[in-house]
Structure formats: C-alpha cells, structure tokens
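Have a look at start18.txt below; it lists compact mmCIF, C-alpha atoms.
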# COMPACT_ATOMS: atom_id res chain seq x y z
CA MET A 1 -79.30 60.87 -63.70
CA ASP A 2 -75.90 59.28 -63.14
CA LEU A 3 -75.99 55.56 -62.34
CA LEU A 4 -73.49 55.47 -59.48
CA GLU A 5 -74.95 58.57 -57.89
CA ALA A 6 -78.43 57.08 -58.07
CA ILE A 7 -77.24 53.87 -56.44
CA ALA A 8 -75.54 55.77 -53.63
CA THR A 9 -78.49 58.02 -52.88
CA THR A 10 -81.62 55.91 -53.23
CA ARG A 11 -83.13 56.15 -49.78
CA ALA A 12 -86.15 54.25 -48.53
CA ILE A 13 -88.95 56.81 -48.99
CA ARG A 14 -91.89 56.41 -46.58
CA ARG A 15 -93.52 59.87 -46.76
CA TYR A 16 -95.14 61.06 -49.98
CA ARG A 17 -96.66 64.21 -51.37
CA PRO A 18 -100.27 63.73 -52.50
CA ASP A 19 -99.39 64.34 -56.18
CA PRO A 20 -100.44 61.53 -58.49
CA VAL A 21 -97.89 59.43 -60.36
CA SER A 22 -98.35 59.71 -64.12
CA GLU A 23 -98.94 56.60 -66.19
CA GLU A 24 -95.87 57.48 -68.20
CA ASP A 25 -93.72 57.50 -65.07
CA LEU A 26 -95.28 54.25 -63.95
CA ALA A 27 -94.52 52.61 -67.28
CA THR A 28 -90.92 53.86 -67.04
CA ILE A 29 -90.24 52.31 -63.64
CA LEU A 30 -92.00 49.05 -64.52
CA TYR A 31 -90.01 48.81 -67.73
CA ALA A 32 -86.88 49.19 -65.61
CA ALA A 33 -88.08 46.54 -63.17
CA THR A 34 -88.63 44.00 -65.93
CA ARG A 35 -85.11 44.52 -67.34
CA ALA A 36 -83.71 42.72 -64.28
CA PRO A 37 -82.16 39.28 -64.61
CA THR A 38 -84.02 36.11 -63.58
CA GLY A 39 -82.89 32.48 -63.41
CA SER A 40 -82.61 31.11 -66.97
CA ASN A 41 -84.31 34.34 -68.11
CA ARG A 42 -87.64 32.71 -67.20
CA GLN A 43 -89.07 36.12 -66.25
CA PRO A 44 -91.38 34.60 -63.64
CA PHE A 45 -92.11 38.08 -62.24
CA ARG A 46 -95.42 39.88 -62.49
CA PHE A 47 -96.06 43.37 -61.12
CA LEU A 48 -99.53 44.03 -59.82
CA VAL A 49 -100.10 47.79 -59.71
CA LEU A 50 -102.62 49.18 -57.21
CA ARG A 51 -103.82 52.73 -57.85
CA ASP A 52 -107.45 53.75 -57.30
CA GLY A 53 -109.35 50.97 -59.01
CA PRO A 54 -112.05 48.97 -57.20
CA TYR A 55 -109.69 46.16 -56.18
CA ALA A 56 -106.88 48.56 -55.31
CA VAL A 57 -108.97 50.48 -52.80
CA LYS A 58 -109.81 47.30 -50.92
CA ALA A 59 -106.29 45.93 -51.24
CA LYS A 60 -104.76 49.12 -49.81
CA ALA A 61 -107.08 48.90 -46.79
CA LEU A 62 -105.97 45.29 -46.26
CA LEU A 63 -102.30 46.16 -46.66
CA LYS A 64 -102.72 48.99 -44.17
CA GLU A 65 -103.97 46.41 -41.68
CA GLY A 66 -100.98 44.22 -42.62
CA GLY A 67 -98.68 47.13 -41.87
CA ARG A 68 -100.37 47.67 -38.50
CA ARG A 69 -99.88 44.05 -37.52
CA MET A 70 -96.28 44.02 -38.72
CA TRP A 71 -95.27 47.19 -36.91
CA SER A 72 -97.15 46.58 -33.68
CA GLY A 73 -95.23 43.32 -33.28
CA LYS A 74 -91.90 44.70 -34.34
CA ARG A 75 -91.92 47.94 -32.38
CA THR A 76 -92.33 46.22 -29.04
CA GLU A 77 -90.11 43.22 -29.87
CA GLU A 78 -87.29 45.32 -31.24
CA GLY A 79 -87.52 48.43 -29.10
CA TYR A 80 -88.89 51.00 -31.51
CA ASP A 81 -91.54 52.08 -29.00
CA ALA A 82 -89.60 54.89 -27.39
CA PRO A 83 -91.45 57.88 -25.88
CA PRO A 84 -92.69 60.34 -28.54
CA SER A 85 -90.34 63.03 -27.26
CA ASP A 86 -87.36 60.84 -28.05
CA ASP A 87 -85.38 61.95 -31.13
CA SER A 88 -83.34 58.75 -31.55
CA PRO A 89 -83.26 57.05 -34.98
CA ARG A 90 -85.57 54.33 -33.62
CA ALA A 91 -88.13 56.81 -32.31
CA ARG A 92 -88.06 58.68 -35.62
CA MET A 93 -88.51 55.40 -37.51
CA ASP A 94 -91.50 54.63 -35.28
CA ARG A 95 -93.14 57.94 -36.20
CA THR A 96 -92.36 57.45 -39.89
CA MET A 97 -93.80 53.94 -39.89
CA HIS A 98 -96.96 55.16 -38.16
CA HIS A 99 -97.26 57.86 -40.78
CA LEU A 100 -96.77 55.36 -43.62
CA ILE A 101 -99.41 53.03 -42.21
CA ASP A 102 -101.90 55.75 -41.21
CA THR A 103 -101.81 57.30 -44.68
CA PHE A 104 -101.55 54.06 -46.62
CA GLU A 105 -104.83 54.44 -48.55
CA ARG A 106 -103.67 57.80 -49.87
CA ILE A 107 -100.38 56.53 -51.33
CA PRO A 108 -100.66 57.06 -55.11
CA VAL A 109 -99.27 53.69 -56.15
CA VAL A 110 -98.59 50.39 -54.45
CA VAL A 111 -96.74 47.72 -56.44
CA LEU A 112 -96.98 44.04 -55.50
CA PRO A 113 -94.03 42.21 -57.09
CA CYS A 114 -95.11 38.60 -57.54
CA LEU A 115 -93.18 35.47 -58.44
CA ILE A 116 -94.75 32.59 -60.35
CA ARG A 117 -93.13 29.55 -58.77
CA TYR A 118 -92.12 26.54 -60.84
CA ARG A 119 -90.70 24.62 -57.87
CA PRO A 120 -91.29 24.54 -54.09
CA PRO A 121 -90.56 27.75 -52.11
CA HIS A 122 -86.82 28.23 -51.63
CA PRO A 123 -84.61 31.02 -50.17
CA GLY A 124 -82.80 31.32 -53.52
CA GLU A 125 -85.96 32.10 -55.47
CA GLY A 126 -85.62 35.74 -54.47
CA GLY A 127 -82.83 35.99 -57.04
CA SER A 128 -85.58 36.16 -59.68
CA ILE A 129 -87.68 38.92 -58.09
CA TYR A 130 -85.68 41.20 -55.78
CA PRO A 131 -83.22 42.42 -58.45
CA ALA A 132 -86.31 43.68 -60.28
CA CYS A 133 -87.54 45.42 -57.11
CA GLN A 134 -84.20 47.20 -56.86
CA ASN A 135 -84.40 48.28 -60.51
CA LEU A 136 -87.88 49.64 -59.76
CA LEU A 137 -86.65 51.70 -56.80
CA LEU A 138 -83.59 53.00 -58.64
CA ALA A 139 -85.62 54.03 -61.68
CA ALA A 140 -88.14 55.71 -59.37
CA ARG A 141 -85.32 57.68 -57.80
CA GLY A 142 -84.04 58.62 -61.25
CA ILE A 143 -87.30 60.28 -62.24
CA GLY A 144 -88.09 62.01 -58.97
CA LEU A 145 -90.18 59.31 -57.28
CA GLY A 146 -89.40 57.14 -54.28
CA GLY A 147 -90.53 54.01 -52.52
CA VAL A 148 -89.63 51.32 -50.06
CA ILE A 149 -89.69 47.52 -49.94
CA THR A 150 -92.02 46.41 -47.14
CA ASN A 151 -93.41 43.08 -46.04
CA PHE A 152 -96.97 44.24 -45.25
CA GLN A 153 -98.54 41.60 -47.52
CA ALA A 154 -97.22 38.78 -45.36
CA PHE A 155 -99.54 39.76 -42.50
CA VAL A 156 -102.76 39.63 -44.54
CA GLU A 157 -101.77 37.17 -47.20
CA PRO A 158 -104.78 34.83 -47.42
CA GLU A 159 -107.28 37.72 -47.61
CA LEU A 160 -105.13 39.65 -50.08
CA ARG A 161 -104.61 36.63 -52.32
CA ASP A 162 -108.32 35.95 -52.29
CA LEU A 163 -109.28 39.57 -53.04
CA LEU A 164 -106.79 40.04 -55.89
CA ARG A 165 -107.27 36.50 -57.29
CA ILE A 166 -103.60 35.69 -57.02
CA PRO A 167 -103.11 31.96 -57.70
CA GLU A 168 -101.75 29.64 -55.03
CA GLN A 169 -98.42 28.96 -56.79
CA VAL A 170 -97.63 32.69 -56.98
CA ALA A 171 -95.57 34.28 -54.19
CA ILE A 172 -96.38 37.87 -53.27
CA SER A 173 -92.79 38.89 -52.62
CA ALA A 174 -93.19 42.42 -51.24
CA THR A 175 -95.37 45.51 -50.92
CA ILE A 176 -93.76 48.58 -52.50
CA PRO A 177 -95.48 51.95 -52.06
CA ILE A 178 -94.40 54.54 -54.63
CA GLY A 179 -94.94 58.28 -54.73
CA HIS A 180 -93.35 61.70 -54.90
CA PRO A 181 -91.06 61.99 -51.85
CA ALA A 182 -92.11 64.49 -49.18
CA GLY A 183 -88.49 64.53 -48.07
CA ARG A 184 -85.34 64.04 -50.04
CA HIS A 185 -83.21 61.27 -51.39
CA GLY A 186 -79.59 61.43 -50.34
CA PRO A 187 -76.66 59.39 -49.06
CA VAL A 188 -77.75 56.21 -47.27
CA ARG A 189 -76.56 55.16 -43.82
CA ARG A 190 -74.44 52.01 -44.03
CA ARG A 191 -71.60 50.37 -42.13
CA PRO A 192 -68.03 50.98 -43.30
CA LEU A 193 -67.28 48.96 -46.44
CA ALA A 194 -64.43 47.12 -44.69
CA GLU A 195 -66.97 45.49 -42.35
CA LEU A 196 -69.08 44.21 -45.22
CA VAL A 197 -66.42 42.94 -47.65
CA TYR A 198 -64.14 39.96 -47.05
CA ASP A 199 -61.11 39.04 -49.14
CA ASP A 200 -60.24 35.44 -50.03
CA VAL A 201 -61.87 33.83 -46.96
CA TRP A 202 -64.66 34.53 -44.47
CA GLU A 203 -63.60 37.53 -42.33
CA GLY A 204 -60.49 37.98 -44.49
CA GLU A 205 -59.52 41.65 -44.39
CA ALA A 206 -60.05 43.54 -47.67
CA GLU A 207 -57.44 46.26 -47.28
CA TRP A 208 -58.12 47.56 -50.76
CA VAL A 209 -61.64 48.83 -49.99
CA GLY A 210 -59.96 51.98 -48.68
CA MET B 1 -73.39 56.51 -67.30
CA ASP B 2 -77.10 57.23 -67.36
CA LEU B 3 -79.16 55.28 -64.83
CA LEU B 4 -82.07 54.27 -67.03
CA GLU B 5 -79.79 53.33 -69.91
CA ALA B 6 -77.67 51.19 -67.58
CA ILE B 7 -80.76 49.41 -66.27
CA ALA B 8 -82.01 48.70 -69.79
CA THR B 9 -78.69 47.39 -71.09
CA THR B 10 -77.12 45.35 -68.30
CA ARG B 11 -76.81 41.92 -69.88
CA ALA B 12 -75.69 38.77 -68.15
CA ILE B 13 -72.00 38.59 -69.10
CA ARG B 14 -70.54 35.07 -69.20
CA ARG B 15 -67.41 35.58 -71.35
CA TYR B 16 -64.53 37.72 -70.10
CA ARG B 17 -61.29 39.14 -71.41
CA PRO B 18 -58.28 38.04 -69.35
CA ASP B 19 -57.57 41.61 -68.12
CA PRO B 20 -57.47 41.93 -64.34
CA VAL B 21 -60.05 43.98 -62.44
CA SER B 22 -58.42 46.83 -60.51
CA GLU B 23 -58.90 47.09 -56.78
CA GLU B 24 -60.34 50.55 -57.30
CA ASP B 25 -62.99 49.15 -59.64
CA LEU B 26 -63.71 46.35 -57.20
CA ALA B 27 -64.16 48.81 -54.35
CA THR B 28 -66.52 50.87 -56.53
CA ILE B 29 -68.85 47.99 -57.32
CA LEU B 30 -68.82 46.67 -53.75
CA TYR B 31 -69.60 50.13 -52.43
CA ALA B 32 -72.57 50.17 -54.81
CA ALA B 33 -73.67 46.72 -53.65
CA THR B 34 -73.68 47.75 -50.01
CA ARG B 35 -75.86 50.83 -50.70
CA ALA B 36 -78.81 48.51 -51.34
CA PRO B 37 -81.70 48.34 -48.90
CA THR B 38 -82.09 45.51 -46.39
CA GLY B 39 -84.89 44.69 -43.95
CA SER B 40 -84.76 47.20 -41.04
CA ASN B 41 -81.41 48.33 -42.49
CA ARG B 42 -79.81 45.37 -40.68
CA GLN B 43 -77.21 45.08 -43.47
CA PRO B 44 -76.88 41.33 -42.98
CA PHE B 45 -74.94 41.04 -46.25
CA ARG B 46 -71.26 40.17 -46.57
CA PHE B 47 -69.41 39.98 -49.88
CA LEU B 48 -66.65 37.43 -50.06
CA VAL B 49 -64.32 38.33 -52.92
CA LEU B 50 -62.32 35.57 -54.60
CA ARG B 51 -59.36 36.70 -56.72
CA ASP B 52 -56.06 34.78 -56.76
CA GLY B 53 -55.40 34.21 -53.07
CA PRO B 54 -54.79 30.72 -51.66
CA TYR B 55 -58.42 30.16 -50.67
CA ALA B 56 -59.75 31.72 -53.86
CA VAL B 57 -57.82 29.33 -56.11
CA LYS B 58 -59.30 26.32 -54.35
CA ALA B 59 -62.76 27.88 -54.14
CA LYS B 60 -62.82 28.61 -57.87
CA ALA B 61 -61.95 24.98 -58.62
CA LEU B 62 -64.81 23.87 -56.37
CA LEU B 63 -67.24 26.34 -57.95
CA LYS B 64 -66.20 25.12 -61.40
CA GLU B 65 -67.23 21.63 -60.31
CA GLY B 66 -70.47 23.14 -58.96
CA GLY B 67 -71.09 24.71 -62.35
CA ARG B 68 -70.47 21.37 -64.08
CA ARG B 69 -72.98 19.61 -61.88
CA MET B 70 -75.56 22.36 -62.28
CA TRP B 71 -75.32 22.52 -66.06
CA SER B 72 -75.05 18.78 -66.75
CA GLY B 73 -78.38 18.31 -64.94
CA LYS B 74 -80.06 21.32 -66.46
CA ARG B 75 -79.00 20.87 -70.08
CA THR B 76 -80.53 17.42 -70.37
CA GLU B 77 -83.59 18.15 -68.21
CA GLU B 78 -84.39 21.40 -69.96
CA GLY B 79 -83.27 20.63 -73.51
CA TYR B 80 -80.15 22.77 -73.84
CA ASP B 81 -78.19 19.82 -75.28
CA ALA B 82 -78.86 20.48 -78.94
CA PRO B 83 -76.31 19.39 -81.57
CA PRO B 84 -73.26 21.73 -81.71
CA SER B 85 -74.21 22.80 -85.25
CA ASP B 86 -77.49 24.19 -83.94
CA ASP B 87 -77.62 27.99 -83.79
CA SER B 88 -80.75 28.26 -81.63
CA PRO B 89 -80.66 30.43 -78.48
CA ARG B 90 -80.54 27.25 -76.36
CA ALA B 91 -77.60 25.79 -78.26
CA ARG B 92 -75.74 29.09 -77.99
CA MET B 93 -76.47 29.23 -74.26
CA ASP B 94 -75.10 25.71 -73.94
CA ARG B 95 -71.83 26.74 -75.59
CA THR B 96 -71.60 29.89 -73.46
CA MET B 97 -72.20 27.95 -70.25
CA HIS B 98 -69.55 25.41 -71.19
CA HIS B 99 -67.16 28.28 -71.86
CA LEU B 100 -67.98 29.90 -68.50
CA ILE B 101 -67.43 26.65 -66.63
CA ASP B 102 -64.33 25.53 -68.57
CA THR B 103 -62.58 28.88 -67.97
CA PHE B 104 -63.86 29.41 -64.45
CA GLU B 105 -60.45 29.42 -62.75
CA ARG B 106 -59.29 32.22 -65.04
CA ILE B 107 -62.17 34.59 -64.24
CA PRO B 108 -60.55 37.61 -62.56
CA VAL B 109 -63.07 37.98 -59.72
CA VAL B 110 -65.80 35.85 -58.24
CA VAL B 111 -68.04 37.42 -55.61
CA LEU B 112 -70.00 35.30 -53.14
CA PRO B 113 -72.84 37.42 -51.71
CA CYS B 114 -73.63 35.99 -48.28
CA LEU B 115 -76.52 36.59 -45.90
CA ILE B 116 -76.14 36.32 -42.14
CA ARG B 117 -79.45 34.82 -41.05
CA TYR B 118 -81.17 35.95 -37.88
CA ARG B 119 -84.18 33.66 -38.36
CA PRO B 120 -84.86 30.34 -40.13
CA PRO B 121 -84.43 30.24 -43.94
CA HIS B 122 -87.34 31.92 -45.70
CA PRO B 123 -88.17 32.84 -49.34
CA GLY B 124 -88.48 36.50 -48.33
CA GLU B 125 -84.95 36.74 -46.96
CA GLY B 126 -83.69 37.35 -50.48
CA GLY B 127 -85.06 40.89 -50.12
CA SER B 128 -81.97 41.66 -48.05
CA ILE B 129 -79.35 40.28 -50.44
CA TYR B 130 -80.50 40.26 -54.09
CA PRO B 131 -81.09 44.03 -54.36
CA ALA B 132 -77.40 44.35 -53.45
CA CYS B 133 -76.47 41.82 -56.16
CA GLN B 134 -78.35 43.92 -58.70
CA ASN B 135 -76.55 47.08 -57.55
CA LEU B 136 -73.26 45.19 -58.00
CA LEU B 137 -74.10 44.18 -61.57
CA LEU B 138 -75.39 47.63 -62.52
CA ALA B 139 -72.32 49.36 -61.11
CA ALA B 140 -70.10 46.86 -62.93
CA ARG B 141 -71.87 47.70 -66.17
CA GLY B 142 -71.41 51.40 -65.43
CA ILE B 143 -67.61 51.10 -65.26
CA GLY B 144 -67.08 48.71 -68.14
CA LEU B 145 -67.26 45.40 -66.28
CA GLY B 146 -69.87 42.67 -66.40
CA GLY B 147 -71.06 39.62 -64.52
CA VAL B 148 -73.89 37.20 -63.97
CA ILE B 149 -75.81 35.77 -61.03
CA THR B 150 -75.31 32.00 -60.95
CA ASN B 151 -76.18 29.27 -58.48
CA PHE B 152 -72.95 27.24 -58.76
CA GLN B 153 -72.32 27.35 -55.00
CA ALA B 154 -75.46 25.34 -54.30
CA PHE B 155 -73.96 22.24 -55.91
CA VAL B 156 -70.79 22.17 -53.77
CA GLU B 157 -72.04 23.94 -50.69
CA PRO B 158 -70.73 21.79 -47.83
CA GLU B 159 -67.18 21.68 -49.26
CA LEU B 160 -67.21 25.37 -50.13
CA ARG B 161 -68.49 26.38 -46.69
CA ASP B 162 -65.83 24.24 -45.06
CA LEU B 163 -63.01 25.61 -47.24
CA LEU B 164 -63.93 29.29 -46.84
CA ARG B 165 -64.91 28.94 -43.15
CA ILE B 166 -68.39 30.29 -43.74
CA PRO B 167 -70.46 29.79 -40.57
CA GLU B 168 -73.53 27.57 -40.57
CA GLN B 169 -76.06 30.40 -40.07
CA VAL B 170 -74.76 32.23 -43.16
CA ALA B 171 -76.45 31.60 -46.51
CA ILE B 172 -74.25 31.72 -49.61
CA SER B 173 -76.85 33.36 -51.83
CA ALA B 174 -75.15 33.28 -55.24
CA THR B 175 -71.91 32.98 -57.22
CA ILE B 176 -71.20 36.10 -59.27
CA PRO B 177 -68.24 36.05 -61.68
CA ILE B 178 -67.04 39.51 -62.67
CA GLY B 179 -64.66 40.62 -65.42
CA HIS B 180 -64.21 42.75 -68.51
CA PRO B 181 -66.81 41.58 -71.03
CA ALA B 182 -65.49 39.79 -74.13
CA GLY B 183 -68.76 40.74 -75.83
CA ARG B 184 -70.98 43.73 -75.32
CA HIS B 185 -73.69 44.93 -73.03
CA GLY B 186 -76.85 45.97 -74.81
CA PRO B 187 -80.64 45.72 -74.75
CA VAL B 188 -81.88 42.67 -72.88
CA ARG B 189 -84.39 40.18 -74.24
CA ARG B 190 -87.65 40.33 -72.26
CA ARG B 191 -91.33 39.71 -72.82
CA PRO B 192 -93.58 42.65 -73.74
CA LEU B 193 -94.28 44.81 -70.70
CA ALA B 194 -98.03 44.24 -71.02
CA GLU B 195 -97.51 40.55 -70.22
CA LEU B 196 -95.58 41.32 -67.04
CA VAL B 197 -97.64 44.14 -65.53
CA TYR B 198 -101.17 43.79 -64.17
CA ASP B 199 -103.48 46.65 -63.24
CA ASP B 200 -105.74 46.55 -60.17
CA VAL B 201 -106.13 42.74 -60.03
CA TRP B 202 -104.24 39.60 -61.10
CA GLU B 203 -104.23 39.48 -64.91
CA GLY B 204 -105.88 42.91 -65.05
CA GLU B 205 -104.85 44.58 -68.29
CA ALA B 206 -102.50 47.57 -67.91
CA GLU B 207 -103.35 49.51 -71.04
CA TRP B 208 -101.12 52.38 -69.99
CA VAL B 209 -97.86 50.44 -70.37
CA GLY B 210 -98.06 51.28 -74.07

I need this file expressed as structure tokens, please.
Amino acid sequence: MDLLEAIATTRAIRRYRPDPVSEEDLATILYAATRAPTGSNRQPFRFLVLRDGPYAVKAKALLKEGGRRMWSGKRTEEGYDAPPSDDSPRARMDRTMHHLIDTFERIPVVVLPCLIRYRPPHPGEGGSIYPACQNLLLAARGIGLGGVITNFQAFVEPELRDLLRIPEQVAISATIPIGHPAGRHGPVRRRPLAELVYDDVWEGEAEWVG
Amino acid sequence: MDLLEAIATTRAIRRYRPDPVSEEDLATILYAATRAPTGSNRQPFRFLVLRDGPYAVKAKALLKEGGRRMWSGKRTEEGYDAPPSDDSPRARMDRTMHHLIDTFERIPVVVLPCLIRYRPPHPGEGGSIYPACQNLLLAARGIGLGGVITNFQAFVEPELRDLLRIPEQVAISATIPIGHPAGRHGPVRRRPLAELVYDDVWEGEAEWVG
C-alpha cells in the first residue's frame, strides 16, 4: 500500500469483525512499531500483546471496566450523551464507544504499549513511545487491520499493573485494540491545514499550504 | 513508496544537502502530520515552520545554542566523548551531532510541533502530538526528505517562547530539522523483536514473532 495514501486514510477503527488476527500479521505490525525512533535509540518500548491467554482474558475484563469509567465521565462532561435518536457526530461516537466497550472481551488483540522509564515521568517521554503506536496503526491499516489509541488503562491502572506484573517504573502508555475493521478506512476528518500550520512565528500565516 | 518499506527504513537524518525544500513538499509532509490521531480528535497540534524568515533566523540561532547545551551535557554524562580517532557508534554519533549543531542555521526547514494544552502537563499528552511527528518523518522519507526528532527547544525554552510568541499553555514538544539527506535512508538498528514484544503477561515470551 502507498505510504502517503495510508497516512491520509488511517481512521480510528472501533468496530471489528470477529475474525482472528494471524500471528504473522501480528508480527508484521509489531515489527513496524519497533522501527520507530526513540530518544538516543534507547528503545525503551515494550509491547504487551493480549489475545486469549489466561492473563489476557482477565486483563480485557479489567480494561473493559476502565473503558466504562472513562466514557461514563467523558460523555456527561463533554456532551456526548445525546438522545439515541440523535444522528450528530457526538451521538454516533457515543454509540460507537458503547459498542467498543460492550464487546471489549471479544476484540481479537489488545496491545499495551509500555515505556520503561529511566527518569521521572515527563510530558516529553511520549516521544519514545507514541511514534511507535502510530507505526503500529499505519502498518495495521496497510495489511487490512485497524485499531485505535485509547486511554482505558489509566482508569484501572493499579489492578492492571498488578495482574500483568508490570513493574512500577514502567508506564502503560495506551490501550490499543486491533482487529479486522467492520467498517472501512478512508479519509480522516481534520481542520483545514492553514489552521494547523504557522509560518515563521506563532499564528504566522502559511500561505503556501494551499 | 510502499508503506511497510517506508516504516522499516526511515532513519534519523542529521546531515543535509544545502538544497532548499519546496513549499509543495513542505505542504505534503505537514498534511501528513495533521492526519494523525489525537485524543477525541481535538487536533490540539500546531506546526510552526521555521525557514528563512526574520523570526526563523533568530529561532534557529537559539535552537543551535539549545543543541549545544543538550549535547555538551549528554556527551560527558553518557560517554559519547570518545577520542576523535575512535570509530565506535558513539564516537560517530558525537561527530554527527556536532555537525548537526554546527550547521543548524543552514538547515532548510525546522519544524516545531506544538501542543495546545487543555489540562495540566501529563506524560500521556504526547499521544496527541508524537503520532503526528512520526507521520511527518515518514512522509518526508516518502518524498526524498529526512529529519530527526530532537529536544533542542527544551534547553532554550523561555527565550524561544518569548521570541516566537508561543503562549504559556502551549507545549513545544520537539525540534525537527528537515532537509534533503546527505546520506541515505535504510534499515534501522533495533533490538530483536522477541526482546521488545511480550505475550499475555510482562516478560511473557512471544514465540510467534519469529
């Protein structure tokens, strides 16, 4: 698949077909993830893959609860709790999130990207883990899979860390479900480029973005 | 260019030919950057592009000083200061970093990826800016350019923020020089996949990574 096309059409995929993900496909997307850059090439990232093993089954149930807590707070605070008849983007997102959470145990693969810290937590540390998450999602898209970066782990972190024996100095940076998309990839919805790019100085107009 | 090949061969590029980067190419890589996912699709990212405008010239000089400070600390603390005759990876990195810093004002483009915060600084916030940085680097590789994620801004942040009028609630998440590579892209150096991927539980062996 063409690189620029893949970048432009990798949607967040939150609904999956029940088909399993082959180990070969899994290895392909994890290989892609680990090609990402990290500070000083330290490669502090580790990818914990949850499928249907004994720990994974329990971890998925915990992450489902994490998703419930996350979304129940967010939907009321940020106005996603529109009536079910509503067809606005927010109401559709609410239904999709409920679907994702309700079916969480049946998602073929959940990847926990982790970061082994060598210094205290810092906003810049994400530069050594989130590029790898993006590689993972792009590679998934390239071979017919899809996924989405969520924050479900943050709402059940102590229990999850305990269950999966993740050491204290390791950050669990995201929860990424992966599967065969029930819907389609396609162009993503973003603001016009001229609103997101500045030339020379903050808020400087970049006329050349076209 | 093929997606998976691009992912596997996007090296950190720190030496550039003097050729300018066309505005069309710049628009292409920034479009790619802004296709990345962000939390709740808030798109809190802004990309400040430094070329040869009046602010850019001053900002590049500041960032060069930031690079000097960063590397002078790191090379002694982390043992990159081997004798110049040494041909070890660390000695070569030392020479490359000196080259990058010494020639910083002549780099055609420097991108500052910025994050408009809506909550206090947090290690997870990088999930809304570093995927975009990776898209930028991959797209650059796809059209014959190259770059590298550095942290130079962190060492001159107050002055840089003041010069470029970057508001207080905005994080400057990286300093990414971009240009036509003097060397080549190619396979990246990473640990074996089996050391980076765990199955089912922390340190669980993933036999299927092959």

Might you pull out every residue within 8 Å of B:Ile13, with only C-alpha atoms counted and same-chain residues fewer than 6 positions away left off, and present them as a short mmCIF file (atom, residue, chain, number, x, y, z; two decimals) with C-alpha atoms, keeping the file's coordinate frame?
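Below you can see result18.cif, which holds the result:
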data_model
loop_
_atom_site.label_atom_id
_atom_site.label_comp_id
_atom_site.auth_asym_id
_atom_site.auth_seq_id
_atom_site.Cartn_x
_atom_site.Cartn_y
_atom_site.Cartn_z
CA GLY B 146 -69.87 42.67 -66.40
CA GLY B 147 -71.06 39.62 -64.52
CA VAL B 148 -73.89 37.20 -63.97
CA PRO B 181 -66.81 41.58 -71.03
CA GLY B 183 -68.76 40.74 -75.83
CA HIS B 185 -73.69 44.93 -73.03
#

Interatomic distance (Å, one decimal) between atom CA of B:Thr34 and atom CA of A:Leu30 = 23.4 Å

message = So that I can see what lies close to B:Glu207, please list as an MDAnalysis selection string the residues with an atom at most 9 Å from it, counting all atoms listed in the file and leaving out residues fewer than 3 positions away in the same chain.
response = chainID B and resid 194 199 210

request  = Just need the residues of chain A within 6 Å of chain B, counting all atoms listed in the file, so spit them out as JSON, numbers by chain.
outcome  = {"A": [1, 2, 3, 8, 27, 35, 46, 47, 48, 49, 50, 53, 55, 56, 122, 123, 126, 127, 130, 131, 134, 164, 165, 166, 196, 197, 198, 199, 200, 201, 202, 209]}

inquiry  = My list of candidates is B:Pro108, B:Gly66, B:Gly73, B:Gly144. Which is closest to B:Pro158 when distances are computed with all atoms listed in the file?
reply    = B:Gly66

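Going from atom CA of A:Thr76 over to atom CA of A:Arg184, you cover 28.4 Å.
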
ask   = Could you name the residues that touch B:His180 at 6 Å or less, counting only C-alpha atoms, but leaving out those on the same chain fewer than 5 positions away, as JSON, numbers by chain?
value = {"B": [16, 17, 145]}

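Distances to B:Ile178 were evaluated for B:Leu160, B:Ile116, B:Val109, B:Ile101 using all atoms listed in the file, and the minimum falls at B:Val109.
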
ask   = To one decimal place, how far is atom CA of A:Asp81 from atom CA of A:Thr96 in Å?
value = 12.2 Å

inquiry  = I'd like to know which of A:Glu78, A:Glu168, A:Glu65, A:Asp94 is closest to A:Gln153, using only C-alpha atoms.
reply    = A:Glu65

As AutoDock Vina command-line options: centre and edge lengths in Å, one decimal, of the axis-aligned box holding stretch 83-98 of chain A with 4 Å per side:
--center_x -90.1 --center_y 58.5 --center_z -32.9 --size_x 21.7 --size_y 17.1 --size_z 22.0
